[in-house]
Amino acid sequence: MRHTAKSLAGIAMAATLAVGTVACGESSSSGTGGQTGGSPQIGIDLPRADSDFWNSYAKYVPQFADEYDINLMSPTNSQNDVAKLVANVQAMVSQGAKAIVMAPQDTGAIASTLTTLESKKIPVVSVDTRPDKGKVFMVVRADNRAYGQKACEFLGEKLGGQGKVIEFQGSLSSINGRDRSEAFAECMKTKFPGITIFEEPTEWEGPKAAAALQTRLAQHPDIKGIYMQAGGVFLAPTLQVLKAKNLLVPPTDPKHIFIVSNDGIPQEFEAIRKGEIDATVSQPADLYAKWALYYAKAAAEGKTFQPGPTDHNSTIIDVGNGLEDQIAAPLVTKENVDDPALWGNQIGK
């Protein structure tokens, strides 16, 4: 479907460039993706509907499609299933997509599909996850190793370098799960060797995290910290378990378990305000949608970019199989949870 233009100012501003290696450097090519008499069709696949984070991202998609006057095809949803993602992409190609936005949850299994798209000269923008192999035009993603590092430092300081922490790892078939897990482990080993970590693989599934928490608390009732790699799927089941065990108490209570999360959804912010959790890293769902669509349209129009700092407080890096725009993702605590600039405080208003 075609979205009506609201403003082209965002594109003009984003394309304002410096010379040399400054990122967002447009090439002087005439473009390969445009359609005579109309904008190129952009396809988008939403990765799942069981996560508050991804549902928030989905709400931003039509907003920025309108802002950038994008000829957006009806979004599909692959429901955390790579086979469905492949089928959805094939359908988009057959319907004339000139660029595709996706967020593959299994970053290894999508390689052959990316190779096929490259052969058809259909550029791909990957959101939040970076495919292990296969050409991508741009990855729009925050530095996920920084997520693990920030979580480690927060918990390590709150626990005074001693105690037990349970970590709900995301899927280790995803680069996000690997980056967060590896950085968290390396930081703990280096900075807080007195803390014991119980690593619990979850495949990004809330029930698995809840079951692991039940088991570990039964075995180790002195657990004092939790690292949730995805608040969008882990927050509710974690709070339910703690409430059932009378452990959902404010930070001033000696029984309080310090919790740091990743996502930055409104539900996490509310939990921080209530003292139920202590911090989260705000993944910018709004900026993921904004820049993914911007780059997809630019790619379809034949524009190119170079590594370097951008004009939107990020840095583009070369990741070998494409470029990655590393969007800023701040740590949110009770001190800054009410900051109106955070997307979790903006959505729905």
# chains A, B, ... in the order shown; residues from 1 in each chain; ligands from 1
call {"tool": "residues_around", "arguments": {"residues": "Ala341 in chain A", "least_positions_apart": "6", "cutoff": "12 Å", "atoms": "only C-alpha atoms", "output": "ChimeraX atom specification"}}
result
/A:264,282,284,286-287,330,332,347
call {"tool": "write_last_selection", "arguments": {"atoms": "C-alpha atoms", "output": "mmCIF file, in the first residue's frame"}}
result
data_model
loop_
_atom_site.group_PDB
_atom_site.id
_atom_site.type_symbol
_atom_site.label_atom_id
_atom_site.label_comp_id
_atom_site.auth_asym_id
_atom_site.auth_seq_id
_atom_site.Cartn_x
_atom_site.Cartn_y
_atom_site.Cartn_z
ATOM 1 C CA GLY A 264 13.310 -0.210 27.190
ATOM 2 C CA SER A 282 16.761 1.043 26.104
ATOM 3 C CA PRO A 284 15.450 2.251 20.411
ATOM 4 C CA ASP A 286 11.512 3.977 17.196
ATOM 5 C CA LEU A 287 14.948 4.566 15.690
ATOM 6 C CA PRO A 330 21.240 4.232 26.995
ATOM 7 C CA VAL A 332 17.817 3.530 32.186
ATOM 8 C CA ILE A 347 4.882 5.521 22.469
#
call {"tool": "residues_around", "arguments": {"residues": "range 228-235 of chain A", "least_positions_apart": "2", "cutoff": "6 Å", "atoms": "only C-alpha atoms", "output": "PyMOL selection string"}}
result
chain A and resi 51-53+168-169+206+237-238+261-263
call {"tool": "residues_around", "arguments": {"residues": "range 92-100 of chain A", "least_positions_apart": "5", "cutoff": "8 Å", "atoms": "only C-alpha atoms", "output": "short mmCIF file (atom, residue, chain, number, x, y, z; two decimals) with N, CA, C and O atoms, in the first residue's frame"}}
result
data_model
loop_
_atom_site.label_atom_id
_atom_site.label_comp_id
_atom_site.auth_asym_id
_atom_site.auth_seq_id
_atom_site.Cartn_x
_atom_site.Cartn_y
_atom_site.Cartn_z
N GLY A 33 17.18 1.19 -8.02
CA GLY A 33 15.98 0.55 -7.50
C GLY A 33 14.70 1.27 -7.81
O GLY A 33 13.63 0.77 -7.53
N GLY A 34 14.75 2.47 -8.35
CA GLY A 34 13.55 3.25 -8.55
C GLY A 34 12.66 2.72 -9.67
O GLY A 34 13.11 2.03 -10.57
N PRO A 40 9.86 3.01 -5.40
CA PRO A 40 10.04 1.56 -5.39
C PRO A 40 9.32 0.93 -4.20
O PRO A 40 9.23 1.51 -3.12
N GLN A 41 8.80 -0.26 -4.41
CA GLN A 41 8.11 -0.97 -3.34
C GLN A 41 9.13 -1.49 -2.32
O GLN A 41 10.14 -2.08 -2.68
N ILE A 42 8.82 -1.30 -1.05
CA ILE A 42 9.66 -1.79 0.04
C ILE A 42 8.88 -2.85 0.81
O ILE A 42 7.75 -2.61 1.27
N GLY A 43 9.48 -4.03 0.96
CA GLY A 43 8.86 -5.09 1.74
C GLY A 43 9.42 -5.12 3.15
O GLY A 43 10.58 -4.76 3.37
N ILE A 44 8.62 -5.50 4.12
CA ILE A 44 9.09 -5.59 5.50
C ILE A 44 8.47 -6.80 6.19
O ILE A 44 7.27 -7.06 6.06
N ASP A 45 9.33 -7.56 6.87
CA ASP A 45 8.86 -8.69 7.67
C ASP A 45 9.08 -8.38 9.14
O ASP A 45 10.19 -8.03 9.56
N MET A 73 4.92 -2.21 1.19
CA MET A 73 4.05 -3.36 0.99
C MET A 73 3.44 -3.76 2.33
O MET A 73 3.95 -3.40 3.39
N ILE A 122 18.42 -7.24 -4.98
CA ILE A 122 17.43 -6.72 -4.04
C ILE A 122 18.14 -6.49 -2.70
O ILE A 122 18.49 -7.45 -2.02
N PRO A 123 18.40 -5.25 -2.33
CA PRO A 123 19.13 -4.98 -1.09
C PRO A 123 18.31 -5.30 0.15
O PRO A 123 17.07 -5.22 0.15
N VAL A 124 19.01 -5.66 1.22
CA VAL A 124 18.38 -6.06 2.48
C VAL A 124 18.87 -5.17 3.61
O VAL A 124 20.07 -4.92 3.75
N VAL A 125 17.94 -4.70 4.41
CA VAL A 125 18.26 -4.02 5.67
C VAL A 125 17.83 -4.94 6.80
O VAL A 125 16.67 -5.37 6.86
N ALA A 296 16.38 1.40 3.60
CA ALA A 296 15.76 0.55 2.58
C ALA A 296 15.37 1.38 1.36
O ALA A 296 15.61 0.98 0.22
N LYS A 297 14.77 2.54 1.60
CA LYS A 297 14.40 3.40 0.47
C LYS A 297 15.65 3.90 -0.25
O LYS A 297 15.70 3.92 -1.49
N ALA A 299 18.53 2.45 -0.44
CA ALA A 299 19.12 1.33 -1.19
C ALA A 299 18.37 1.09 -2.49
O ALA A 299 18.97 0.88 -3.55
N ALA A 300 17.04 1.11 -2.41
CA ALA A 300 16.23 0.89 -3.61
C ALA A 300 16.45 1.98 -4.64
O ALA A 300 16.27 1.76 -5.85
#
call {"tool": "atom_distance", "arguments": {"atom1": "CA of Ile197 in chain A", "atom2": "CA of Phe258 in chain A"}}
result
13.7 Å
call {"tool": "residues_around", "arguments": {"residues": "range 179-185 of chain A", "least_positions_apart": "5", "cutoff": "9 Å", "atoms": "only C-alpha atoms", "output": "PyMOL selection string"}}
result
chain A and resi 143-153+167+169-170+172+174+190+197+199+229
call {"tool": "residues_around", "arguments": {"residues": "Ala218 in chain A", "least_positions_apart": "4", "cutoff": "12 Å", "atoms": "only C-alpha atoms", "output": "PyMOL selection string"}}
result
chain A and resi 211-214+222-223+241-242+245
call {"tool": "residues_around", "arguments": {"residues": "range 250-253 of chain A", "least_positions_apart": "4", "cutoff": "12 Å", "atoms": "only C-alpha atoms", "output": "PyMOL selection string"}}
result
chain A and resi 158-159+224-225+242-243+246+257-259+271-279+334
